[in-house]
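J.: One structure, as structure tokens, below. Some questions next.
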Amino acid sequence: MAKAKSNAAKNIIVLFVVALISVAILAVLNQVTMEPIAAAEEEARQAAYMKVYEADRFEDVENLEELLTAYELPSPDAGVTVNAALEAYKGDAQVGYVYDVTSPNGYGGDVRVALGITNEGEITNFTVISAANETPGLGARSTEEEFQSEFAGLSALAPVAFSKTGANRDNNEFDAISGATITTTAVQQAVNEAIALFNAMKGA
């Protein structure tokens, strides 16, 4: 009986040690993989910023949180998040801005975009950083160049709109993604949030 109890105690100790070792290994593996993942995500963001504004460097807009509070942004009804606002530089000259914004209102959840705006208020380019949960062949087409290229040259001095029957650029419109009105609306929300922040910052 005593021997049986002793063996049971040994087994419990062995299981406990094995569990501790397993937890330690998992923690180490998690730490090892986290840094490359974070680095890859940062590299993807920087590539997106460079795509929407060809600049020599970017610098974070100072006191972004204070600015958002002062300008009462993001709009509370849309639930949009401004992830970053950056000044774009060519040489020593500050030439424009890049905005990184997420709308949670895509068909499958978050749609994260970036767009560049010149100091004069023209959209230089636009890209979707992430729309991983949008429907393939529908909302996922927001990541295609054919859709993203529509924004270059639109005005950032007024909100953008979308059309289902053919965009009129004089009305600051882009073409809706066929069959994906929800995703299109999420993109529009994110872009217009960036435009609102740009105009608030510029005193427009």
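Identifiers in the structure tokens: chain A, B, ... in order shown; residue index from 1 per chain; ligand index from 1 in order shown.
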Write out as JSON, numbers by chain the set of residues from chain A that DSSP, computed on the backbone, places in helix (DSSP H, G or I).

T.: {"A": [2, 3, 4, 5, 6, 7, 8, 9, 10, 11, 12, 13, 14, 15, 16, 17, 18, 19, 20, 21, 22, 23, 24, 25, 26, 27, 28, 29, 30, 31, 32, 33, 34, 35, 36, 37, 38, 39, 40, 41, 42, 43, 44, 45, 46, 47, 48, 49, 50, 51, 52, 64, 65, 66, 67, 68, 69, 70, 139, 140, 141, 142, 143, 145, 146, 147, 148, 149, 150, 151, 169, 170, 171, 181, 182, 183, 184, 185, 186, 187, 188, 189, 190, 191, 192, 193, 194, 195, 196, 197, 198, 199, 200, 201, 202]}

J.: Do you know which residues are at most 10 Å from A:Ala70 counting only C-alpha atoms, after dropping those on the same chain fewer than 5 positions away, and could you put them as JSON, numbers by chain?

T.: {"A": [64, 65, 200]}

J.: Which one of A:Ala131, A:Ala152, A:Ala194, A:Ile117 sits closest to A:Tyr97 if you count only C-alpha atoms?

T.: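 Of the candidates, the smallest distance to A:Tyr97 is held by A:Ile117.
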
J.: What's around A:Gly121 at 9 Å? Count only C-alpha atoms, leave out sequence neighbours fewer than 4 positions away in its own chain, and write the answer as a list in words.

T.: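 Everything that qualifies: Gly96, Ile117, Leu154, Ser155, Ala156, Leu157, Ile195, Phe198 and Asn199 of chain A.
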
J.: With distances taken over only C-alpha atoms, which residue among A:Glu87, A:Glu43, A:Glu120, A:Asp100 lies nearest A:Ala190?

T.: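 That would be A:Asp100, the residue with the smallest distance to A:Ala190.
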
J.: Residues of stretch 111-157 of chain A that approach stretch 178-187 of chain A to 9 Å or less, counting only C-alpha atoms: could you list each one with the shortest pair of atoms and its distance in Å to one decimal, rows by chain and increasing residue number, as JSON lines?

T.:
{"residue": "A:Val111", "atom": "CA", "partner": "A:Ala186", "partner_atom": "CA", "distance": 6.7}
{"residue": "A:Arg112", "atom": "CA", "partner": "A:Val187", "partner_atom": "CA", "distance": 8.1}
{"residue": "A:Val113", "atom": "CA", "partner": "A:Val187", "partner_atom": "CA", "distance": 7.4}
{"residue": "A:Val128", "atom": "CA", "partner": "A:Val187", "partner_atom": "CA", "distance": 8.5}
{"residue": "A:Ala131", "atom": "CA", "partner": "A:Thr183", "partner_atom": "CA", "distance": 8.9}
{"residue": "A:Glu134", "atom": "CA", "partner": "A:Thr183", "partner_atom": "CA", "distance": 7.4}
{"residue": "A:Thr135", "atom": "CA", "partner": "A:Ala180", "partner_atom": "CA", "distance": 8.5}
{"residue": "A:Leu138", "atom": "CA", "partner": "A:Ala180", "partner_atom": "CA", "distance": 5.5}
{"residue": "A:Gly139", "atom": "CA", "partner": "A:Ala180", "partner_atom": "CA", "distance": 5.2}
{"residue": "A:Ala140", "atom": "CA", "partner": "A:Thr183", "partner_atom": "CA", "distance": 8.3}
{"residue": "A:Arg141", "atom": "CA", "partner": "A:Ala180", "partner_atom": "CA", "distance": 8.9}
{"residue": "A:Ser142", "atom": "CA", "partner": "A:Thr183", "partner_atom": "CA", "distance": 7.7}

J.: So that I can check the surroundings of A:Gln189, please list as a PDB file with C-alpha atoms, in the first residue's frame every protein, DNA and RNA residue that reaches within 9 Å of it, counting only C-alpha atoms and ignoring chain neighbours fewer than 5 positions away.

T.:
ATOM      1  CA  ALA A  78     -18.718  54.766 -37.266  1.00  0.00           C
ATOM      2  CA  VAL A  80     -13.423  53.973 -36.830  1.00  0.00           C
ATOM      3  CA  THR A 102      -9.370  50.962 -39.543  1.00  0.00           C
ATOM      4  CA  SER A 103     -13.118  50.621 -40.000  1.00  0.00           C
ATOM      5  CA  ASN A 105     -17.671  47.660 -40.361  1.00  0.00           C
ATOM      6  CA  THR A 184     -17.203  49.584 -49.930  1.00  0.00           C
ATOM      7  CA  ALA A 194      -8.599  60.396 -42.631  1.00  0.00           C
TER       8      ALA A 194
END

J.: From a backbone DSSP assignment, name each residue in stretch 89-148 of chain A labelled strand (DSSP E or B), as a ChimeraX atom specification.

T.: /A:89-90,93-106,109-118,122-130

J.: Between A:Glu145, A:Glu173, A:Glu150, A:Asp110, single out the one closest to A:Asn133, counting only C-alpha atoms.

T.: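 Of A:Glu145, A:Glu173, A:Glu150, A:Asp110, the one nearest A:Asn133, counting only C-alpha atoms, is A:Asp110.
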
J.: Could you list, as a list in words, every residue within 8 Å of A:Lys164, counting only C-alpha atoms and ignoring same-chain residues fewer than 6 positions away?

T.: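 Once the nearby chain positions are removed, what remains is Asp175, Ala176, Ile177 and Ser178 of chain A.
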